[in-house]
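For reference, final14.txt (compact mmCIF, N, CA and C atoms):
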```
# COMPACT_ATOMS: atom_id res chain seq x y z
N MET A 17 4.00 -17.79 5.50
CA MET A 17 3.62 -16.39 5.61
C MET A 17 2.12 -16.18 5.41
N ALA A 18 1.45 -17.16 4.83
CA ALA A 18 0.01 -17.01 4.60
C ALA A 18 -0.76 -16.75 5.90
N PRO A 19 -0.45 -17.46 7.00
CA PRO A 19 -1.16 -17.15 8.25
C PRO A 19 -0.91 -15.72 8.73
N ALA A 20 0.31 -15.24 8.54
CA ALA A 20 0.61 -13.85 8.93
C ALA A 20 -0.18 -12.87 8.07
N ARG A 21 -0.32 -13.20 6.79
CA ARG A 21 -1.10 -12.35 5.89
C ARG A 21 -2.56 -12.29 6.35
N GLU A 22 -3.11 -13.44 6.73
CA GLU A 22 -4.50 -13.50 7.20
C GLU A 22 -4.69 -12.66 8.46
N ARG A 23 -3.73 -12.77 9.39
CA ARG A 23 -3.83 -12.01 10.64
C ARG A 23 -3.70 -10.51 10.37
N LEU A 24 -2.84 -10.14 9.45
CA LEU A 24 -2.70 -8.73 9.10
C LEU A 24 -4.00 -8.22 8.48
N ALA A 25 -4.59 -9.00 7.61
CA ALA A 25 -5.86 -8.60 6.98
C ALA A 25 -6.94 -8.37 8.04
N GLU A 26 -6.99 -9.25 9.02
CA GLU A 26 -7.97 -9.09 10.10
C GLU A 26 -7.70 -7.82 10.90
N ALA A 27 -6.43 -7.58 11.22
CA ALA A 27 -6.07 -6.40 11.99
C ALA A 27 -6.34 -5.11 11.22
N MET A 28 -6.13 -5.14 9.92
CA MET A 28 -6.30 -3.93 9.11
C MET A 28 -7.76 -3.67 8.74
N ALA A 29 -8.60 -4.65 8.89
CA ALA A 29 -10.01 -4.50 8.50
C ALA A 29 -10.67 -3.32 9.20
N SER A 30 -10.31 -3.07 10.43
CA SER A 30 -10.96 -2.00 11.18
C SER A 30 -10.23 -0.66 11.09
N LEU A 31 -9.10 -0.63 10.40
CA LEU A 31 -8.34 0.61 10.29
C LEU A 31 -8.95 1.55 9.26
N ASN A 32 -8.90 2.82 9.58
CA ASN A 32 -9.34 3.85 8.65
C ASN A 32 -8.09 4.56 8.12
N ILE A 33 -7.72 4.26 6.91
CA ILE A 33 -6.56 4.89 6.30
C ILE A 33 -7.03 6.09 5.48
N LYS A 34 -6.42 7.23 5.75
CA LYS A 34 -6.76 8.45 5.02
C LYS A 34 -5.92 8.53 3.75
N PRO A 35 -6.41 9.23 2.75
CA PRO A 35 -5.61 9.40 1.52
C PRO A 35 -4.29 10.10 1.84
N PRO A 36 -3.17 9.56 1.39
CA PRO A 36 -1.89 10.21 1.67
C PRO A 36 -1.72 11.48 0.84
N ILE A 37 -0.87 12.35 1.33
CA ILE A 37 -0.57 13.60 0.63
C ILE A 37 0.24 13.31 -0.63
N VAL A 38 1.14 12.34 -0.53
CA VAL A 38 1.97 11.95 -1.67
C VAL A 38 1.63 10.51 -2.03
N PRO A 39 1.81 10.12 -3.28
CA PRO A 39 1.52 8.74 -3.67
C PRO A 39 2.41 7.74 -2.94
N VAL A 40 1.86 6.57 -2.70
CA VAL A 40 2.58 5.46 -2.10
C VAL A 40 2.92 4.49 -3.22
N VAL A 41 4.21 4.14 -3.34
CA VAL A 41 4.62 3.15 -4.32
C VAL A 41 4.77 1.83 -3.57
N ALA A 42 3.91 0.89 -3.88
CA ALA A 42 3.89 -0.40 -3.18
C ALA A 42 4.90 -1.36 -3.78
N ASN A 43 5.50 -2.18 -2.91
CA ASN A 43 6.46 -3.20 -3.37
C ASN A 43 5.81 -4.23 -4.29
N VAL A 44 4.52 -4.43 -4.15
CA VAL A 44 3.81 -5.46 -4.90
C VAL A 44 3.63 -5.09 -6.36
N THR A 45 3.31 -3.82 -6.61
CA THR A 45 3.00 -3.38 -7.97
C THR A 45 4.06 -2.48 -8.60
N ALA A 46 4.88 -1.85 -7.75
CA ALA A 46 5.85 -0.86 -8.19
C ALA A 46 5.16 0.31 -8.90
N GLU A 47 3.93 0.59 -8.48
CA GLU A 47 3.15 1.68 -9.06
C GLU A 47 2.60 2.56 -7.95
N PRO A 48 2.46 3.85 -8.22
CA PRO A 48 1.93 4.75 -7.20
C PRO A 48 0.41 4.66 -7.07
N THR A 49 -0.05 4.88 -5.84
CA THR A 49 -1.48 4.97 -5.57
C THR A 49 -1.70 5.90 -4.39
N GLN A 50 -2.85 6.53 -4.36
CA GLN A 50 -3.26 7.35 -3.23
C GLN A 50 -4.62 6.90 -2.71
N ASP A 51 -5.10 5.78 -3.21
CA ASP A 51 -6.40 5.24 -2.81
C ASP A 51 -6.23 4.44 -1.52
N PRO A 52 -6.86 4.88 -0.42
CA PRO A 52 -6.70 4.19 0.86
C PRO A 52 -7.06 2.70 0.82
N ALA A 53 -8.11 2.35 0.14
CA ALA A 53 -8.52 0.94 0.07
C ALA A 53 -7.45 0.12 -0.67
N ARG A 54 -6.90 0.69 -1.71
CA ARG A 54 -5.86 0.00 -2.49
C ARG A 54 -4.57 -0.13 -1.66
N ILE A 55 -4.23 0.91 -0.92
CA ILE A 55 -3.04 0.87 -0.06
C ILE A 55 -3.19 -0.26 0.95
N LYS A 56 -4.34 -0.35 1.57
CA LYS A 56 -4.60 -1.40 2.56
C LYS A 56 -4.45 -2.79 1.91
N GLU A 57 -5.04 -2.95 0.76
CA GLU A 57 -4.98 -4.21 0.02
C GLU A 57 -3.53 -4.58 -0.33
N LEU A 58 -2.77 -3.61 -0.78
CA LEU A 58 -1.39 -3.86 -1.18
C LEU A 58 -0.49 -4.17 0.01
N LEU A 59 -0.74 -3.54 1.15
CA LEU A 59 0.03 -3.86 2.35
C LEU A 59 -0.18 -5.31 2.76
N ILE A 60 -1.39 -5.79 2.62
CA ILE A 60 -1.69 -7.19 2.95
C ILE A 60 -1.03 -8.12 1.94
N GLN A 61 -1.12 -7.80 0.68
CA GLN A 61 -0.49 -8.63 -0.37
C GLN A 61 1.03 -8.69 -0.21
N GLN A 62 1.59 -7.61 0.30
CA GLN A 62 3.05 -7.50 0.42
C GLN A 62 3.64 -8.61 1.29
N VAL A 63 2.88 -9.13 2.22
CA VAL A 63 3.38 -10.16 3.13
C VAL A 63 3.79 -11.43 2.37
N THR A 64 3.07 -11.76 1.31
CA THR A 64 3.36 -13.01 0.59
C THR A 64 3.78 -12.80 -0.86
N SER A 65 4.01 -11.58 -1.25
CA SER A 65 4.37 -11.30 -2.65
C SER A 65 5.85 -10.97 -2.78
N PRO A 66 6.41 -11.20 -3.95
CA PRO A 66 7.80 -10.80 -4.18
C PRO A 66 7.94 -9.28 -4.10
N VAL A 67 9.09 -8.83 -3.64
CA VAL A 67 9.38 -7.40 -3.55
C VAL A 67 9.92 -6.93 -4.90
N ARG A 68 9.28 -5.93 -5.45
CA ARG A 68 9.70 -5.36 -6.73
C ARG A 68 10.50 -4.08 -6.45
N TRP A 69 11.62 -4.27 -5.74
CA TRP A 69 12.43 -3.15 -5.25
C TRP A 69 12.97 -2.29 -6.39
N GLU A 70 13.65 -2.91 -7.33
CA GLU A 70 14.27 -2.15 -8.42
C GLU A 70 13.21 -1.37 -9.20
N GLU A 71 12.11 -2.02 -9.50
CA GLU A 71 11.04 -1.34 -10.24
C GLU A 71 10.42 -0.22 -9.41
N SER A 72 10.34 -0.41 -8.10
CA SER A 72 9.78 0.63 -7.22
C SER A 72 10.68 1.86 -7.21
N ILE A 73 11.99 1.64 -7.12
CA ILE A 73 12.93 2.76 -7.13
C ILE A 73 12.89 3.46 -8.49
N GLN A 74 12.82 2.71 -9.56
CA GLN A 74 12.71 3.32 -10.89
C GLN A 74 11.44 4.15 -11.01
N ALA A 75 10.36 3.66 -10.41
CA ALA A 75 9.08 4.38 -10.45
C ALA A 75 9.17 5.71 -9.72
N ILE A 76 9.78 5.71 -8.53
CA ILE A 76 9.85 6.99 -7.80
C ILE A 76 10.81 7.95 -8.49
N ALA A 77 11.83 7.43 -9.14
CA ALA A 77 12.74 8.30 -9.90
C ALA A 77 11.98 8.96 -11.06
N LYS A 78 11.15 8.18 -11.74
CA LYS A 78 10.35 8.73 -12.85
C LYS A 78 9.35 9.78 -12.36
N MET A 79 8.93 9.64 -11.09
CA MET A 79 7.99 10.60 -10.50
C MET A 79 8.69 11.90 -10.11
N GLY A 80 10.02 11.93 -10.23
CA GLY A 80 10.76 13.14 -9.91
C GLY A 80 11.35 13.17 -8.51
N VAL A 81 11.30 12.07 -7.79
CA VAL A 81 11.88 12.03 -6.44
C VAL A 81 13.40 12.15 -6.57
N THR A 82 13.97 13.05 -5.79
CA THR A 82 15.42 13.24 -5.83
C THR A 82 16.06 13.04 -4.45
N ARG A 83 15.26 12.86 -3.41
CA ARG A 83 15.78 12.67 -2.06
C ARG A 83 15.00 11.55 -1.37
N ALA A 84 15.79 10.66 -0.72
CA ALA A 84 15.19 9.55 0.02
C ALA A 84 15.93 9.38 1.34
N TYR A 85 15.28 8.74 2.30
CA TYR A 85 15.86 8.51 3.61
C TYR A 85 15.75 7.04 3.96
N GLU A 86 16.87 6.46 4.36
CA GLU A 86 16.90 5.08 4.84
C GLU A 86 16.88 5.14 6.36
N LEU A 87 15.84 4.57 6.95
CA LEU A 87 15.71 4.59 8.40
C LEU A 87 16.19 3.27 8.98
N GLY A 88 17.07 3.34 9.96
CA GLY A 88 17.62 2.15 10.59
C GLY A 88 19.12 2.11 10.44
N SER A 89 19.72 1.15 11.11
CA SER A 89 21.18 1.07 11.06
C SER A 89 21.64 0.48 9.74
N GLY A 90 22.80 0.88 9.31
CA GLY A 90 23.35 0.39 8.05
C GLY A 90 22.93 1.26 6.88
N ALA A 91 23.54 0.96 5.73
CA ALA A 91 23.26 1.76 4.54
C ALA A 91 23.13 0.89 3.30
N VAL A 92 22.60 -0.31 3.47
CA VAL A 92 22.45 -1.23 2.35
C VAL A 92 21.52 -0.65 1.29
N LEU A 93 20.37 -0.15 1.72
CA LEU A 93 19.40 0.38 0.76
C LEU A 93 19.94 1.62 0.05
N LYS A 94 20.71 2.42 0.76
CA LYS A 94 21.33 3.61 0.16
C LYS A 94 22.18 3.20 -1.05
N GLY A 95 22.96 2.14 -0.89
CA GLY A 95 23.80 1.66 -1.98
C GLY A 95 22.98 1.12 -3.13
N LEU A 96 21.92 0.39 -2.81
CA LEU A 96 21.05 -0.15 -3.86
C LEU A 96 20.37 0.95 -4.65
N VAL A 97 19.88 1.97 -3.94
CA VAL A 97 19.22 3.09 -4.62
C VAL A 97 20.20 3.78 -5.55
N LYS A 98 21.42 3.98 -5.09
CA LYS A 98 22.45 4.66 -5.90
C LYS A 98 22.70 3.90 -7.21
N ARG A 99 22.71 2.55 -7.14
CA ARG A 99 22.94 1.75 -8.35
C ARG A 99 21.74 1.77 -9.30
N ILE A 100 20.55 1.90 -8.74
CA ILE A 100 19.33 1.85 -9.56
C ILE A 100 18.99 3.21 -10.15
N ALA A 101 19.10 4.25 -9.32
CA ALA A 101 18.70 5.60 -9.76
C ALA A 101 19.68 6.62 -9.19
N GLU A 102 20.68 6.97 -9.97
CA GLU A 102 21.72 7.89 -9.51
C GLU A 102 21.19 9.27 -9.18
N THR A 103 20.01 9.61 -9.68
CA THR A 103 19.43 10.94 -9.44
C THR A 103 18.83 11.07 -8.04
N ILE A 104 18.69 9.96 -7.32
CA ILE A 104 18.11 10.00 -5.97
C ILE A 104 19.24 10.01 -4.95
N ASP A 105 19.30 11.09 -4.17
CA ASP A 105 20.29 11.21 -3.10
C ASP A 105 19.67 10.63 -1.83
N THR A 106 20.30 9.59 -1.28
CA THR A 106 19.75 8.91 -0.12
C THR A 106 20.59 9.18 1.11
N THR A 107 19.92 9.53 2.20
CA THR A 107 20.56 9.78 3.49
C THR A 107 20.12 8.69 4.46
N THR A 108 21.09 8.15 5.19
CA THR A 108 20.79 7.14 6.21
C THR A 108 20.58 7.83 7.55
N ILE A 109 19.48 7.47 8.21
CA ILE A 109 19.17 8.00 9.53
C ILE A 109 18.97 6.80 10.44
N GLY A 110 19.95 6.55 11.32
CA GLY A 110 19.86 5.37 12.16
C GLY A 110 20.25 5.59 13.59
N GLU A 111 21.22 6.45 13.80
CA GLU A 111 21.72 6.73 15.15
C GLU A 111 20.84 7.80 15.80
N PRO A 112 20.71 7.75 17.13
CA PRO A 112 19.88 8.75 17.82
C PRO A 112 20.22 10.20 17.46
N HIS A 113 21.51 10.52 17.33
CA HIS A 113 21.87 11.90 17.00
C HIS A 113 21.44 12.28 15.58
N GLU A 114 21.38 11.28 14.66
CA GLU A 114 20.92 11.54 13.30
C GLU A 114 19.42 11.79 13.27
N VAL A 115 18.69 11.05 14.09
CA VAL A 115 17.24 11.25 14.18
C VAL A 115 16.96 12.64 14.76
N ASP A 116 17.70 12.98 15.81
CA ASP A 116 17.52 14.30 16.44
C ASP A 116 17.82 15.42 15.45
N ALA A 117 18.90 15.28 14.69
CA ALA A 117 19.29 16.31 13.72
C ALA A 117 18.25 16.43 12.61
N PHE A 118 17.70 15.30 12.17
CA PHE A 118 16.71 15.32 11.11
C PHE A 118 15.41 15.97 11.56
N SER A 119 14.99 15.69 12.78
CA SER A 119 13.70 16.18 13.25
C SER A 119 13.78 17.62 13.77
N ALA A 120 14.98 18.17 13.87
CA ALA A 120 15.13 19.54 14.38
C ALA A 120 14.73 20.57 13.35
```
Go ahead and express the file in the form of structure tokens.
Amino acid sequence: MAPARERLAEAMASLNIKPPIVPVVANVTAEPTQDPARIKELLIQQVTSPVRWEESIQAIAKMGVTRAYELGSGAVLKGLVKRIAETIDTTTIGEPHEVDAFSA
């Protein structure tokens, strides 16, 4: 994965990331950030770093998040979120009609 990380770093070097409206919780740190340079750095690190999924979900729960959306087919993440943070209600959006209903 190291070569993929290097290629991603090269591709992202020219990107201009704006500060997000809401904090981004990165898989690498399981901590929120809104700093564009840090977000870029963490996205690159994510390619070769362990995923801190449980800690990330706990972090967003502590931030007061009560609703999440799983994009794609299946509901594996929905089940994992439920076990980690019961206060977060997760909706799966994967089928075309679900995407249409969500965006309406």
Please report the interatomic distance between atom N of A:Glu102 and atom C of A:Val38 in Å with one decimal. 20.9 Å
Please identify all polymer residues within 12 Å of A:Ala25, counting only C-alpha atoms, omitting same-chain residues fewer than 6 positions from it, and present them as a list of chain:residue names. A:Ala18, A:Pro19, A:Leu31, A:Lys56, A:Glu57, A:Leu58, A:Leu59, A:Ile60, A:Gln61, A:Gln62, A:Val63
Could you work out how far atom C of A:Ala42 lies from atom N of A:Ser30, giving the answer in Å with one decimal?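 Pair atom N of A:Ser30 / atom C of A:Ala42 returns 20.9 Å.
Among the candidates A:Glu111, A:Glu26, A:Asp116, A:Glu70, the one nearest to A:Ala46 when counting all atoms listed in the file is A:Glu70.
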Strand (DSSP E or B) call set, DSSP backbone run, chain A, as a short mmCIF file (atom, residue, chain, number, x, y, z; two decimals) with N, CA and C atoms, in the coordinates of the input:
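This went into selection02.cif:
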```
data_model
loop_
_atom_site.label_atom_id
_atom_site.label_comp_id
_atom_site.auth_asym_id
_atom_site.auth_seq_id
_atom_site.Cartn_x
_atom_site.Cartn_y
_atom_site.Cartn_z
N VAL A 40 1.86 6.57 -2.70
CA VAL A 40 2.58 5.46 -2.10
C VAL A 40 2.92 4.49 -3.22
N VAL A 41 4.21 4.14 -3.34
CA VAL A 41 4.62 3.15 -4.32
C VAL A 41 4.77 1.83 -3.57
N PRO A 48 2.46 3.85 -8.22
CA PRO A 48 1.93 4.75 -7.20
C PRO A 48 0.41 4.66 -7.07
N THR A 49 -0.05 4.88 -5.84
CA THR A 49 -1.48 4.97 -5.57
C THR A 49 -1.70 5.90 -4.39
N ARG A 83 15.26 12.86 -3.41
CA ARG A 83 15.78 12.67 -2.06
C ARG A 83 15.00 11.55 -1.37
N ALA A 84 15.79 10.66 -0.72
CA ALA A 84 15.19 9.55 0.02
C ALA A 84 15.93 9.38 1.34
N TYR A 85 15.28 8.74 2.30
CA TYR A 85 15.86 8.51 3.61
C TYR A 85 15.75 7.04 3.96
N GLU A 86 16.87 6.46 4.36
CA GLU A 86 16.90 5.08 4.84
C GLU A 86 16.88 5.14 6.36
N LEU A 87 15.84 4.57 6.95
CA LEU A 87 15.71 4.59 8.40
C LEU A 87 16.19 3.27 8.98
N ASP A 105 19.30 11.09 -4.17
CA ASP A 105 20.29 11.21 -3.10
C ASP A 105 19.67 10.63 -1.83
N THR A 106 20.30 9.59 -1.28
CA THR A 106 19.75 8.91 -0.12
C THR A 106 20.59 9.18 1.11
N THR A 107 19.92 9.53 2.20
CA THR A 107 20.56 9.78 3.49
C THR A 107 20.12 8.69 4.46
N THR A 108 21.09 8.15 5.19
CA THR A 108 20.79 7.14 6.21
C THR A 108 20.58 7.83 7.55
N ILE A 109 19.48 7.47 8.21
CA ILE A 109 19.17 8.00 9.53
C ILE A 109 18.97 6.80 10.44
#
```
Considering only N, CA and C atoms, return as a list in words whatever protein or nucleic-acid residues lie within 6.5 Å of A:Gly110, sequence-local ones (same chain, fewer than 4 positions apart) excluded. Glu86, Leu87, Gly88, Ser89, Gly90, Glu114 and Val115 of chain A
Non-local contacts of A:Trp69 (9 Å; only C-alpha atoms; under 4 positions in same chain excluded) as a list in words: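 So, after excluding close chain neighbours, the residues are Asn43, Val44, Ala46, Ile73 and Gln74 of chain A.
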Hey, can you check how far atom CA of A:Ile109 sits from atom CA of A:Met28? 28.1 Å
Test item: residues at most 7 Å from A:Glu47, only N, CA and C atoms, excluding those fewer than 6 positions along its chain, as a PyMOL selection string: chain A and resi 40-41+71-72+75
Store the residues picked out above in a file with N, CA and C atoms, as a PDB file, in the coordinates of the input.
```
ATOM      1  N   VAL A  40       1.860   6.570  -2.700  1.00  0.00           N
ATOM      2  CA  VAL A  40       2.580   5.460  -2.100  1.00  0.00           C
ATOM      3  C   VAL A  40       2.920   4.490  -3.220  1.00  0.00           C
ATOM      4  N   VAL A  41       4.210   4.140  -3.340  1.00  0.00           N
ATOM      5  CA  VAL A  41       4.620   3.150  -4.320  1.00  0.00           C
ATOM      6  C   VAL A  41       4.770   1.830  -3.570  1.00  0.00           C
ATOM      7  N   GLU A  71      12.110  -2.020  -9.500  1.00  0.00           N
ATOM      8  CA  GLU A  71      11.040  -1.340 -10.240  1.00  0.00           C
ATOM      9  C   GLU A  71      10.420  -0.220  -9.410  1.00  0.00           C
ATOM     10  N   SER A  72      10.340  -0.410  -8.100  1.00  0.00           N
ATOM     11  CA  SER A  72       9.780   0.630  -7.220  1.00  0.00           C
ATOM     12  C   SER A  72      10.680   1.860  -7.210  1.00  0.00           C
ATOM     13  N   ALA A  75      10.360   3.660 -10.410  1.00  0.00           N
ATOM     14  CA  ALA A  75       9.080   4.380 -10.450  1.00  0.00           C
ATOM     15  C   ALA A  75       9.170   5.710  -9.720  1.00  0.00           C
TER      16      ALA A  75
END
```
Identify, with DSSP run on backbone atoms, the residues in chain A assigned to alpha helix (DSSP H), and express the list as a ChimeraX atom specification. /A:18-29,52-62,69-78,92-100,112-119
With 3 Å on each side, where is the centre of the axis-aligned box around all listed atoms of stretch 42-61 of chain A, and how long are its edges in Å to one decimal, as lines of an AutoDock Vina configuration file?
```
center_x = -1.0
center_y = -0.7
center_z = -3.1
size_x = 21.0
size_y = 22.0
size_z = 18.0
```
